[in-house]
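A.B. asks: Contents of entry_12.txt (compact mmCIF, C-alpha atoms) are given next:
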```
# COMPACT_ATOMS: atom_id res chain seq x y z
CA MET A 1 167.96 40.14 -0.26
CA LYS A 2 165.49 37.75 1.37
CA LYS A 3 167.14 34.98 -0.54
CA ILE A 4 170.48 35.97 0.93
CA PHE A 5 169.23 35.67 4.47
CA ALA A 6 167.77 32.27 3.65
CA LEU A 7 171.20 31.24 2.40
CA LEU A 8 172.76 32.52 5.61
CA LEU A 9 170.78 29.96 7.56
CA LEU A 10 172.20 27.13 5.47
CA GLY A 11 175.75 27.88 6.56
CA TRP A 12 177.42 25.20 8.62
CA PHE A 13 181.00 26.44 8.65
CA PRO A 14 182.01 29.35 10.88
CA LEU A 15 180.94 32.54 9.17
CA VAL A 16 182.72 35.79 8.65
CA VAL A 17 180.20 38.54 8.06
CA TYR A 18 181.76 41.69 6.67
CA ALA A 19 181.00 44.96 8.41
CA GLU A 20 180.63 46.74 5.10
CA GLN A 21 179.69 45.15 1.83
CA GLN A 22 182.71 44.83 -0.40
CA VAL A 23 182.56 45.24 -4.11
CA SER A 24 184.54 42.61 -5.98
CA TYR A 25 184.95 41.37 -9.52
CA THR A 26 185.27 37.89 -10.92
CA VAL A 27 188.62 37.02 -12.52
CA ARG A 28 187.05 34.21 -14.54
CA ALA A 29 183.64 32.87 -15.44
CA THR A 30 182.20 31.62 -12.16
CA GLU A 31 179.29 29.45 -11.14
CA ILE A 32 177.02 30.73 -8.39
CA LYS A 33 176.23 27.87 -6.03
CA GLN A 34 173.29 27.49 -3.73
CA GLN A 35 175.57 26.31 -0.93
CA PRO A 36 179.28 26.75 -0.19
CA PHE A 37 180.67 23.62 -1.79
CA SER A 38 181.63 22.49 -5.28
CA ASP A 39 178.91 19.91 -5.88
CA ALA A 40 176.06 22.13 -4.66
CA GLU A 41 173.41 23.16 -7.16
CA THR A 42 174.43 25.89 -9.60
CA VAL A 43 171.94 28.73 -9.43
CA GLY A 44 173.57 31.25 -11.74
CA MET A 45 176.58 32.09 -13.83
CA LEU A 46 178.89 35.08 -13.67
CA LEU A 47 181.04 36.11 -16.60
CA GLU A 48 184.62 37.31 -16.13
CA LYS A 49 184.83 40.83 -14.63
CA ALA A 50 181.29 40.64 -13.28
CA ARG A 51 180.62 42.98 -10.36
CA VAL A 52 179.44 41.38 -7.11
CA GLN A 53 178.76 42.43 -3.53
CA VAL A 54 180.53 40.25 -0.99
CA ILE A 55 178.41 39.63 2.08
CA GLN A 56 180.26 37.03 4.09
CA ARG A 57 182.95 34.37 3.94
CA GLN A 58 182.86 30.73 4.92
CA GLY A 59 186.15 28.88 4.38
CA GLY A 60 187.12 29.26 0.73
CA TRP A 61 183.65 30.47 -0.27
CA VAL A 62 182.00 33.86 -0.16
CA MET A 63 178.32 34.70 -0.28
CA ILE A 64 177.60 37.29 -2.92
CA GLY A 65 174.75 39.30 -4.31
CA SER A 66 174.81 40.21 -8.00
CA ASP A 67 172.65 41.15 -10.94
CA GLN A 68 173.02 37.54 -12.10
CA GLY A 69 171.78 36.11 -8.84
CA ASP A 70 172.74 35.54 -5.21
CA GLY A 71 174.62 32.62 -3.72
CA TRP A 72 178.10 31.28 -3.03
CA VAL A 73 181.22 31.59 -5.18
CA LYS A 74 184.84 30.56 -4.60
CA MET A 75 186.67 33.36 -2.84
CA LEU A 76 189.73 33.11 -5.05
CA ASN A 77 187.60 33.69 -8.16
CA LEU A 78 187.19 37.25 -6.89
CA ARG A 79 189.47 40.27 -6.57
CA SER A 80 188.44 43.39 -4.76
CA SER A 81 188.47 45.66 -7.78
CA SER A 82 189.22 45.36 -11.47
CA ALA A 83 191.30 48.52 -11.48
CA LYS A 84 195.05 48.64 -11.15
CA ARG A 85 196.24 49.52 -7.69
CA GLY A 86 196.64 53.19 -7.01
CA ASP A 87 195.28 54.55 -10.27
CA SER A 88 191.60 54.45 -9.58
CA GLY A 89 189.43 57.00 -7.89
CA LEU A 90 186.74 54.37 -7.97
CA GLN A 91 188.82 52.01 -5.91
CA SER A 92 189.17 54.44 -3.05
CA LEU A 93 185.46 55.15 -3.30
CA PHE A 94 184.72 51.46 -2.88
CA ASN A 95 187.00 51.33 0.11
CA LEU A 96 185.81 54.43 1.83
CA GLY A 97 184.15 52.53 4.62
CA ARG A 98 187.21 50.45 5.34
CA SER A 99 189.96 53.02 5.06
CA GLY A 100 187.88 55.83 6.47
CA SER A 101 187.83 54.27 9.91
CA SER A 102 191.52 53.48 10.06
CA GLY A 103 194.96 54.91 9.57
CA ILE A 104 195.10 58.36 8.16
CA THR A 105 193.78 60.38 11.08
CA VAL A 106 195.66 58.37 13.70
CA ALA A 107 198.47 60.24 15.46
CA THR A 108 201.73 59.43 13.73
CA GLY A 109 203.51 59.11 17.07
CA VAL A 110 202.32 55.55 17.63
CA ARG A 111 203.21 54.34 14.15
CA GLY A 112 206.93 53.93 14.57
CA LEU A 113 207.37 51.52 11.71
CA SER A 114 208.17 53.64 8.70
CA GLU A 115 211.26 52.90 6.65
CA ALA A 116 213.13 55.71 8.41
CA ASP A 117 211.95 54.55 11.85
CA LEU A 118 213.42 51.13 11.20
CA GLN A 119 216.70 52.49 9.92
CA ASN A 120 217.09 54.74 12.96
CA ALA A 121 215.75 52.32 15.57
CA LYS A 122 217.64 52.03 18.85
CA PRO A 123 217.43 48.68 20.63
CA ASN A 124 214.90 48.27 23.43
CA PRO A 125 216.12 45.22 25.38
CA ALA A 126 213.61 45.81 28.19
CA GLU A 127 210.71 45.24 25.79
CA LEU A 128 212.39 42.11 24.45
CA ALA A 129 212.68 40.74 27.99
CA LYS A 130 209.00 41.53 28.60
CA MET A 131 208.09 39.72 25.41
CA GLN A 132 209.90 36.57 26.53
CA ASN A 133 207.61 36.43 29.57
CA TYR A 134 204.58 36.03 27.34
CA ALA A 135 206.02 33.09 25.38
CA ALA A 136 204.15 29.77 25.55
CA ASP A 137 205.76 26.37 26.02
CA LYS A 138 204.77 23.23 24.13
CA ASN A 139 202.40 22.00 26.82
CA GLN A 140 200.55 25.29 26.94
CA ALA A 141 200.30 25.30 23.15
CA GLU A 142 198.91 21.76 23.08
CA LYS A 143 196.38 22.55 25.76
CA PHE A 144 195.37 25.66 23.85
CA ALA A 145 194.80 23.51 20.75
CA ARG A 146 192.71 20.99 22.70
CA ASP A 147 190.61 23.77 24.23
CA GLY A 148 189.93 25.11 20.75
CA LYS A 149 189.17 21.61 19.35
CA LEU A 150 192.02 22.07 16.90
CA ASN A 151 193.28 18.77 15.49
CA ALA A 152 196.65 18.51 13.78
CA GLN A 153 196.40 17.43 10.13
CA VAL A 154 199.02 15.70 8.01
CA LEU A 155 199.66 17.73 4.89
CA ASP A 156 202.70 18.20 2.64
CA PHE A 157 203.86 21.52 1.25
CA ILE A 158 202.70 22.26 -2.27
CA PRO A 159 205.33 22.69 -4.98
CA ALA A 160 205.69 26.25 -6.29
CA ASN A 161 204.14 25.33 -9.64
CA GLY A 162 200.96 23.95 -8.08
CA ASN A 163 200.02 20.30 -8.31
CA MET B 1 237.82 35.57 13.70
CA TYR B 2 241.10 33.91 14.45
CA LYS B 3 240.54 31.25 11.81
CA LEU B 4 239.39 33.82 9.28
CA LYS B 5 242.53 35.90 9.81
CA LEU B 6 244.69 32.83 9.34
CA PHE B 7 242.86 32.05 6.13
CA PHE B 8 243.40 35.54 4.76
CA SER B 9 247.03 35.74 5.78
CA GLY B 10 247.57 32.41 4.05
CA ILE B 11 246.10 33.80 0.87
CA THR B 12 248.18 36.96 1.14
CA LEU B 13 251.32 34.88 1.44
CA LEU B 14 250.39 32.82 -1.55
CA LEU B 15 249.55 35.85 -3.66
CA SER B 16 252.57 37.88 -2.77
CA GLY B 17 254.97 35.08 -3.41
CA SER B 18 253.43 33.72 -6.57
CA ALA B 19 253.67 34.22 -10.28
CA LEU B 20 250.69 35.63 -12.19
CA ALA B 21 249.81 32.24 -13.60
CA PHE B 22 249.47 30.81 -10.16
CA GLU B 23 247.26 33.67 -9.10
CA LEU B 24 244.92 32.98 -12.00
CA ASP B 25 244.74 29.31 -11.12
CA TRP B 26 243.93 30.21 -7.59
CA GLN B 27 241.10 32.44 -8.71
CA LYS B 28 239.81 29.73 -10.98
CA ALA B 29 239.92 27.20 -8.20
CA LEU B 30 237.77 29.39 -6.01
CA GLN B 31 235.32 30.45 -8.66
CA VAL B 32 233.47 27.17 -8.56
CA GLY B 33 230.45 27.52 -10.79
CA GLY B 34 230.84 31.28 -10.92
CA GLN B 35 230.89 31.64 -7.16
CA THR B 36 233.13 34.22 -5.61
CA LEU B 37 235.58 33.60 -2.83
CA GLN B 38 233.16 35.15 -0.39
CA LYS B 39 230.37 32.82 -1.35
CA VAL B 40 232.58 29.78 -1.02
CA GLN B 41 233.50 30.91 2.45
CA GLN B 42 229.88 31.38 3.36
CA ALA B 43 228.91 28.01 2.04
CA ASN B 44 231.52 26.53 4.33
CA ARG B 45 230.52 28.60 7.30
CA PRO B 46 226.80 28.47 7.90
CA VAL B 47 225.42 30.61 10.68
CA THR B 48 224.79 28.27 13.59
CA GLU B 49 221.44 28.10 15.32
CA PRO B 50 222.60 29.90 18.49
CA GLN B 51 224.04 32.67 16.29
CA GLU B 52 220.83 32.85 14.29
CA ILE B 53 218.86 33.25 17.53
CA GLU B 54 221.22 35.86 18.93
CA LEU B 55 221.12 37.86 15.71
CA GLY B 56 217.31 37.60 15.65
CA HIS B 57 217.02 38.81 19.24
CA GLY B 58 219.22 41.80 18.39
CA ILE B 59 217.01 42.69 15.43
CA ALA B 60 213.88 42.11 17.52
CA ALA B 61 215.18 44.55 20.15
CA ASN B 62 215.64 47.12 17.38
CA LEU B 63 212.12 46.59 16.03
CA LEU B 64 210.84 47.01 19.59
CA GLY B 65 212.84 50.22 19.72
CA ALA B 66 210.82 51.44 16.73
CA SER B 67 207.51 50.26 18.17
CA PRO B 68 207.08 48.90 21.72
CA LEU B 69 204.72 46.08 22.64
CA LEU B 70 201.02 46.73 22.95
CA ASP B 71 200.18 46.97 26.65
CA ASN B 72 197.63 44.17 26.65
CA PRO B 73 198.98 41.02 28.37
CA GLY B 74 195.86 39.02 27.45
CA ALA B 75 196.36 39.66 23.74
CA GLN B 76 200.09 38.94 24.01
CA VAL B 77 199.52 35.58 25.74
CA TYR B 78 196.78 34.64 23.27
CA VAL B 79 198.88 35.40 20.17
CA ASN B 80 201.76 33.42 21.69
CA ARG B 81 199.58 30.34 22.11
CA VAL B 82 198.31 30.46 18.54
CA GLY B 83 201.86 30.91 17.28
CA ARG B 84 203.43 28.24 19.48
CA TRP B 85 200.79 25.71 18.40
CA LEU B 86 201.60 26.53 14.77
CA SER B 87 205.31 26.06 15.48
CA LEU B 88 204.65 22.47 16.53
CA GLN B 89 203.54 21.76 12.94
CA THR B 90 206.92 22.81 11.53
CA ASP B 91 210.31 21.14 11.22
CA ARG B 92 211.81 23.58 13.76
CA PRO B 93 209.51 23.10 16.76
CA ASP B 94 212.33 23.56 19.28
CA LEU B 95 213.34 27.10 18.38
CA PRO B 96 212.63 29.64 21.16
CA TRP B 97 209.47 30.84 19.36
CA GLN B 98 207.99 34.03 20.75
CA PHE B 99 205.30 36.32 19.41
CA GLY B 100 204.58 39.96 20.10
CA VAL B 101 201.82 42.42 19.27
CA LEU B 102 203.39 45.81 18.52
CA GLN B 103 201.67 49.01 19.53
CA SER B 104 201.97 50.40 16.01
CA THR B 105 198.79 51.25 14.10
CA ASP B 106 200.53 50.35 10.83
CA LEU B 107 199.36 47.16 9.15
CA ASN B 108 202.34 44.84 9.13
CA ALA B 109 203.99 41.71 10.51
CA PHE B 110 207.65 40.75 10.88
CA ALA B 111 209.79 37.71 11.56
CA THR B 112 213.33 37.81 12.90
CA PRO B 113 215.80 34.92 12.61
CA GLY B 114 215.53 32.25 15.28
CA GLY B 115 211.78 32.49 15.87
CA THR B 116 210.67 35.95 17.00
CA ILE B 117 207.47 37.07 15.25
CA PHE B 118 205.65 40.39 15.45
CA ILE B 119 202.24 41.53 14.33
CA THR B 120 201.09 45.13 14.66
CA LYS B 121 197.98 46.13 16.56
CA GLY B 122 196.82 47.81 13.33
CA LEU B 123 196.83 44.52 11.43
CA LEU B 124 195.42 42.49 14.32
CA GLN B 125 192.45 44.88 14.50
CA ARG B 126 191.65 44.21 10.85
CA LEU B 127 191.55 40.42 11.23
CA THR B 128 188.28 38.66 11.87
CA ASN B 129 189.15 35.27 13.36
CA GLU B 130 191.85 32.96 14.71
CA SER B 131 192.41 31.31 11.31
CA GLU B 132 193.32 34.66 9.77
CA LEU B 133 195.72 35.33 12.65
CA ALA B 134 197.19 31.84 12.17
CA GLY B 135 197.61 32.53 8.44
CA VAL B 136 199.56 35.73 9.10
CA LEU B 137 201.75 34.15 11.80
CA ALA B 138 202.41 31.05 9.69
CA HIS B 139 203.49 33.24 6.76
CA GLU B 140 206.01 34.98 9.03
CA MET B 141 207.19 31.69 10.50
CA VAL B 142 208.16 30.44 7.04
CA HIS B 143 210.65 33.32 6.81
CA VAL B 144 212.28 31.87 9.95
CA LEU B 145 212.07 28.24 8.81
CA SER B 146 213.62 29.04 5.43
CA LYS B 147 216.10 31.56 6.88
CA HIS B 148 215.05 34.21 4.37
CA HIS B 149 216.51 37.12 6.34
CA LEU B 150 219.88 35.40 6.71
CA ALA B 151 219.91 34.87 2.95
CA ALA B 152 218.98 38.52 2.36
CA LEU B 153 221.83 39.61 4.62
CA GLN B 154 224.26 37.46 2.71
CA LYS B 155 223.07 38.76 -0.65
CA THR B 156 223.75 42.41 0.10
CA ALA B 157 227.02 44.30 0.07
CA ARG B 158 227.19 43.48 3.76
CA MET B 159 227.08 39.81 3.04
CA ASN B 160 230.42 39.19 4.71
CA ILE B 161 228.89 40.05 8.07
CA ALA B 162 227.04 36.78 8.24
CA SER B 163 230.19 34.83 7.47
CA ASP B 164 232.22 36.92 9.89
CA LEU B 165 229.61 36.13 12.46
CA ALA B 166 229.88 32.46 11.65
CA GLY B 167 233.50 32.53 12.73
CA GLU B 168 232.64 34.07 16.05
CA VAL B 169 231.36 32.65 19.25
CA ILE B 170 228.76 35.17 20.29
CA ASN B 171 228.59 35.37 24.01
CA ASP B 172 229.79 38.78 25.09
CA LYS B 173 227.24 41.54 24.62
CA GLY B 174 229.79 43.97 23.33
CA ASN B 175 230.55 42.05 20.15
CA PRO B 176 230.97 44.69 17.41
CA LEU B 177 230.50 42.12 14.65
CA LEU B 178 227.14 41.17 16.08
CA ASP B 179 226.16 44.84 16.36
CA LYS B 180 227.03 45.36 12.71
CA ALA B 181 225.04 42.29 11.68
CA VAL B 182 222.06 43.40 13.75
CA GLN B 183 222.16 46.85 12.15
CA ALA B 184 222.42 45.44 8.64
CA GLY B 185 219.74 42.90 9.53
CA THR B 186 217.35 45.60 10.70
CA GLU B 187 217.78 47.44 7.41
CA VAL B 188 216.51 44.36 5.59
CA TYR B 189 213.12 45.14 7.17
CA ALA B 190 213.03 48.58 5.61
CA ARG B 191 214.01 47.17 2.24
CA GLY B 192 212.03 43.94 2.20
CA LEU B 193 212.82 40.38 1.19
CA ASP B 194 212.99 38.90 -2.28
CA LYS B 195 209.47 38.63 -3.67
CA ASN B 196 209.91 34.90 -4.18
CA ASP B 197 210.55 34.57 -0.45
CA GLU B 198 207.17 36.23 0.15
CA PHE B 199 205.45 33.90 -2.28
CA GLU B 200 207.11 30.91 -0.60
CA ALA B 201 205.91 32.18 2.79
CA ASP B 202 202.33 32.36 1.48
CA ARG B 203 202.51 28.95 -0.18
CA LYS B 204 203.95 27.19 2.89
CA GLY B 205 202.13 29.35 5.42
CA ILE B 206 198.71 28.11 4.33
CA VAL B 207 199.90 24.52 4.75
CA ILE B 208 201.25 25.13 8.27
CA ALA B 209 197.99 26.81 9.30
CA THR B 210 196.00 23.91 7.84
CA ARG B 211 198.20 21.37 9.64
CA ALA B 212 197.36 23.16 12.88
CA GLY B 213 193.65 22.65 12.21
CA TYR B 214 192.84 26.14 10.95
CA ASP B 215 190.83 27.22 7.94
CA PRO B 216 193.38 27.31 5.06
CA TYR B 217 191.65 30.38 3.66
CA GLY B 218 192.61 32.57 6.62
CA LEU B 219 195.69 33.99 4.86
CA PRO B 220 193.94 34.44 1.47
CA ALA B 221 191.14 36.28 3.28
CA VAL B 222 193.70 38.65 4.84
CA LEU B 223 195.19 39.22 1.39
CA GLN B 224 191.71 39.99 0.05
CA MET B 225 191.33 42.56 2.83
CA LEU B 226 194.68 44.11 1.90
CA ASP B 227 193.78 44.06 -1.79
CA ALA B 228 190.62 45.97 -0.96
CA ALA B 229 192.41 48.45 1.31
CA ASN B 230 193.27 51.88 0.04
CA ALA B 231 196.80 51.69 -1.38
CA GLN B 232 197.35 55.35 -0.53
CA ASP B 233 196.75 54.78 3.18
CA SER B 234 200.03 55.55 4.94
CA SER B 235 199.48 52.78 7.49
CA LEU B 236 200.12 50.36 4.61
CA ALA B 237 203.11 52.15 3.12
CA LEU B 238 205.93 49.94 4.41
CA MET B 239 204.00 46.71 3.99
CA PHE B 240 203.13 47.51 0.37
CA LYS B 241 206.68 48.65 -0.32
CA THR B 242 208.25 45.47 1.03
CA HIS B 243 205.79 42.88 -0.32
CA PRO B 244 204.47 41.91 -3.74
CA ALA B 245 201.01 43.39 -4.44
CA PRO B 246 198.25 41.49 -2.60
CA ARG B 247 196.69 40.80 -5.97
CA ASP B 248 199.80 38.97 -7.21
CA ARG B 249 199.92 36.97 -3.98
CA LEU B 250 196.26 36.04 -4.38
CA ASN B 251 196.87 35.00 -7.97
CA LEU B 252 199.59 32.62 -6.80
CA LEU B 253 197.44 31.08 -4.06
CA ASP B 254 194.55 30.87 -6.52
CA LYS B 255 196.75 28.77 -8.79
CA ILE B 256 198.06 26.37 -6.16
CA MET B 257 195.09 25.94 -3.82
CA ALA B 258 192.57 24.77 -6.44
CA ASN B 259 190.26 22.32 -4.67
CA ASN B 260 192.95 20.83 -2.42
CA PHE B 261 192.00 22.88 0.60
CA ASP B 262 188.28 22.33 0.74
CA GLY B 263 186.86 20.67 3.81
CA TYR B 264 189.13 22.08 6.51
CA PRO B 265 186.76 24.27 8.51
CA ALA B 266 188.17 25.79 11.70
CA PRO B 267 186.34 24.79 14.89
CA ASP B 268 183.72 27.27 16.14
CA GLN B 269 185.57 27.42 19.45
CA THR B 270 188.48 29.25 17.83
CA ASP B 271 186.20 32.02 16.57
CA LYS B 272 184.55 32.39 19.94
CA ARG B 273 187.78 32.72 21.86
CA TYR B 274 189.25 35.05 19.23
CA ASN B 275 186.44 37.46 19.87
CA SER B 276 186.67 37.20 23.64
CA GLU B 277 190.47 37.30 23.94
CA LEU B 278 190.82 40.30 21.68
CA ALA B 279 187.58 42.08 22.66
CA GLU B 280 189.47 45.10 24.01
CA LEU B 281 191.22 45.65 20.71
CA LYS B 282 188.16 45.71 18.52
```
Could you quickly redo this structure as structure tokens?
C.D. replies:
Amino acid sequence: MKKIFALLLLGWFPLVVYAEQQVSYTVRATEIKQQPFSDAETVGMLLEKARVQVIQRQGGWVMIGSDQGDGWVKMLNLRSSSAKRGDSGLQSLFNLGRSGSSGITVATGVRGLSEADLQNAKPNPAELAKMQNYAADKNQAEKFARDGKLNAQVLDFIPANGN
Amino acid sequence: MYKLKLFFSGITLLLSGSALAFELDWQKALQVGGQTLQKVQQANRPVTEPQEIELGHGIAANLLGASPLLDNPGAQVYVNRVGRWLSLQTDRPDLPWQFGVLQSTDLNAFATPGGTIFITKGLLQRLTNESELAGVLAHEMVHVLSKHHLAALQKTARMNIASDLAGEVINDKGNPLLDKAVQAGTEVYARGLDKNDEFEADRKGIVIATRAGYDPYGLPAVLQMLDAANAQDSSLALMFKTHPAPRDRLNLLDKIMANNFDGYPAPDQTDKRYNSELAELK
């Protein structure tokens, strides 16, 4: 664990630290890197379907702890569980922390977006008018981008079949 | 409608006064490449942009009837700025883009034709930074850019509504054709879009978010969160019903992103303001 905190200090991208540790599995053999980029030193190797604990995310990389070592792996080499959706008691166990704090106990009155709710919805033009008041114009959007140091990038769409 | 009626009465005249052979020829002439008469009509009568916007506003009013806006002007203004900045990276920057946070605790997001986008409070609360928000909004915006809901409307049994609408000038609020289209359009949200439309929205959404200067992995991170969420949770019911499994969406992004999206970190400032602007929601 000490090693993990040392790695934390190396981060130079904005970090996302997860409130609960997530269990994930590799979908392919995956190198564990000392730092979150491809040409960083490889400090370990995970086989396919290896179990890892996800600690935080930085861009396309996540910091993990595992029996094979701690470090950074590509986020898209991981999926949250190896089980099929909906058929695993284990999966809900893993997600107890996340789902336990949300949804189920919330009063159904404020949901309003079930299939039936949508089919029976009556228009609410007053809310639509209110919404239009919050809209931003181009100048406000550009100022917002400048304030956030966001720079527009030139990038083409990717074809459906990848490169 | 006037033109449409003329068209039909012309056909009726032709049919009633013609021999069988002529009728067959007529059918053949219209079945270009297996297309039906209806489809040919639609191809010739695209829904205009003002009609698209009007239809979208009607559907948006219905969605707001199902769940009103979250009473948090700061969050509403903030989400609008993120969304409007994203819109400037698209080929339809001049649509009347508007964004709303719905009060609903469900996890979901919606787009209506013409540029109205919704995200639920439930989903917004699960996001962790501005890049993830941008990823979700950009995904929805692709549905508008590619007119996925208009296509879905035209594909259903009610497909003639869109073409009927195309023959109408929509300006009076009591237009029954518009009401029908809005109703049919709203039902598309209960049923969901074609799964390829969802994949397209993911694939293009990450590019729009990246163009705007955000971390391209915002949307994949949201999909990871959804993949980890409990599939039995009722707050996810409609979203899971109307979208491909998060895992399948991740597999697609995994395939196309490769190493092409490394090196686009989002500025720290965006994370800071995300946390301050949405502090009340967390």
A.B. asks: Name all residues at most 8 Å from Tyr264 (chain B) (count all atoms listed in the file; drop same-chain ones fewer than 6 positions away) and give them as a list in words.
C.D. replies: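 Final neighbour list, sorted by chain and number: Gly59 of chain A; Thr210, Gly213, Tyr214, Asp215 and Pro216 of chain B.
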A.B. asks: Would you save the residues of that selection, restricted to C-alpha atoms, as a PDB file, keeping the file's coordinate frame?
C.D. replies:
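Wrote it out as again.pdb, contents follow:
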```
ATOM      1  CA  GLY A  59     186.150  28.880   4.380  1.00  0.00           C
TER       2      GLY A  59
ATOM      3  CA  THR B 210     196.000  23.910   7.840  1.00  0.00           C
ATOM      4  CA  GLY B 213     193.650  22.650  12.210  1.00  0.00           C
ATOM      5  CA  TYR B 214     192.840  26.140  10.950  1.00  0.00           C
ATOM      6  CA  ASP B 215     190.830  27.220   7.940  1.00  0.00           C
ATOM      7  CA  PRO B 216     193.380  27.310   5.060  1.00  0.00           C
TER       8      PRO B 216
END
```
A.B. asks: Would you kindly return, as a PyMOL selection string, each protein, DNA or RNA residue with an atom no farther than 10 Å from any atom of Pro123 (chain A), considering only C-alpha atoms and excluding same-chain residues fewer than 5 positions away?
C.D. replies: (chain A and resi 128) or (chain B and resi 57-66+182-183)
A.B. asks: I need the chosen residues saved as a tab-separated table (two decimals), in the coordinates of the input, with C-alpha atoms.
C.D. replies:
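Result went into result39.tsv, see below:
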```
chain	number	residue	atom	x	y	z
A	128	LEU	CA	212.39	42.11	24.45
B	57	HIS	CA	217.02	38.81	19.24
B	58	GLY	CA	219.22	41.80	18.39
B	59	ILE	CA	217.01	42.69	15.43
B	60	ALA	CA	213.88	42.11	17.52
B	61	ALA	CA	215.18	44.55	20.15
B	62	ASN	CA	215.64	47.12	17.38
B	63	LEU	CA	212.12	46.59	16.03
B	64	LEU	CA	210.84	47.01	19.59
B	65	GLY	CA	212.84	50.22	19.72
B	66	ALA	CA	210.82	51.44	16.73
B	182	VAL	CA	222.06	43.40	13.75
B	183	GLN	CA	222.16	46.85	12.15
```
A.B. asks: Please provide as a PyMOL selection string all residues within 7 Å of Leu118 (chain A), with the sequence filter that same-chain residues fewer than 4 positions apart are discarded (counting all atoms listed in the file).
C.D. replies: (chain A and resi 113-114) or (chain B and resi 63+66+186-187+190)
A.B. asks: Check every residue of chain B for an atom within 6 Å of chain A, counting only C-alpha atoms, and provide those that qualify as an MDAnalysis selection string.
C.D. replies: chainID B and resid 61:62 64:67 77 80:81 84:85 98 104:106 187 190 204 211:213 217 228 230:231 235 254 256 268:270
A.B. asks: Got a sec: who's within 10 Å of Asp67 (chain A), counting all atoms listed in the file, leaving out chain neighbours fewer than 6 positions off, as a PyMOL selection string?
C.D. replies: chain A and resi 44+46+50-53
A.B. asks: With only C-alpha atoms as the basis for distance, which of B:Glu277, B:Glu54, B:Asp71, B:Asp262 is at the shortest distance from Gly100 (chain B)?
C.D. replies: B:Asp71
A.B. asks: Could you please determine the separation between CA of Arg92 (chain B) and CA of Ala151 (chain B) in Å, to one decimal place?
C.D. replies: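 The value is 17.6 Å.
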A.B. asks: When you draw a straight line from CA of Leu124 (chain B) to CA of Ala109 (chain B), how long is it in Å?
C.D. replies: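 Answer for the CA of Leu124 (chain B) to CA of Ala109 (chain B) separation: 9.4 Å.
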A.B. asks: One decimal, in Å: what's the spacing between CA of Ser66 (chain A) and CA of Pro36 (chain A)?
C.D. replies: 16.2 Å
A.B. asks: Point out the residue among B:Leu95, B:Thr90, B:Glu52, B:Leu127 with the least atom-to-atom distance to Leu281 (chain B), counting all atoms listed in the file.
C.D. replies: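 Going through B:Leu95, B:Thr90, B:Glu52, B:Leu127 one by one, the smallest distance to Leu281 (chain B) is for B:Leu127.
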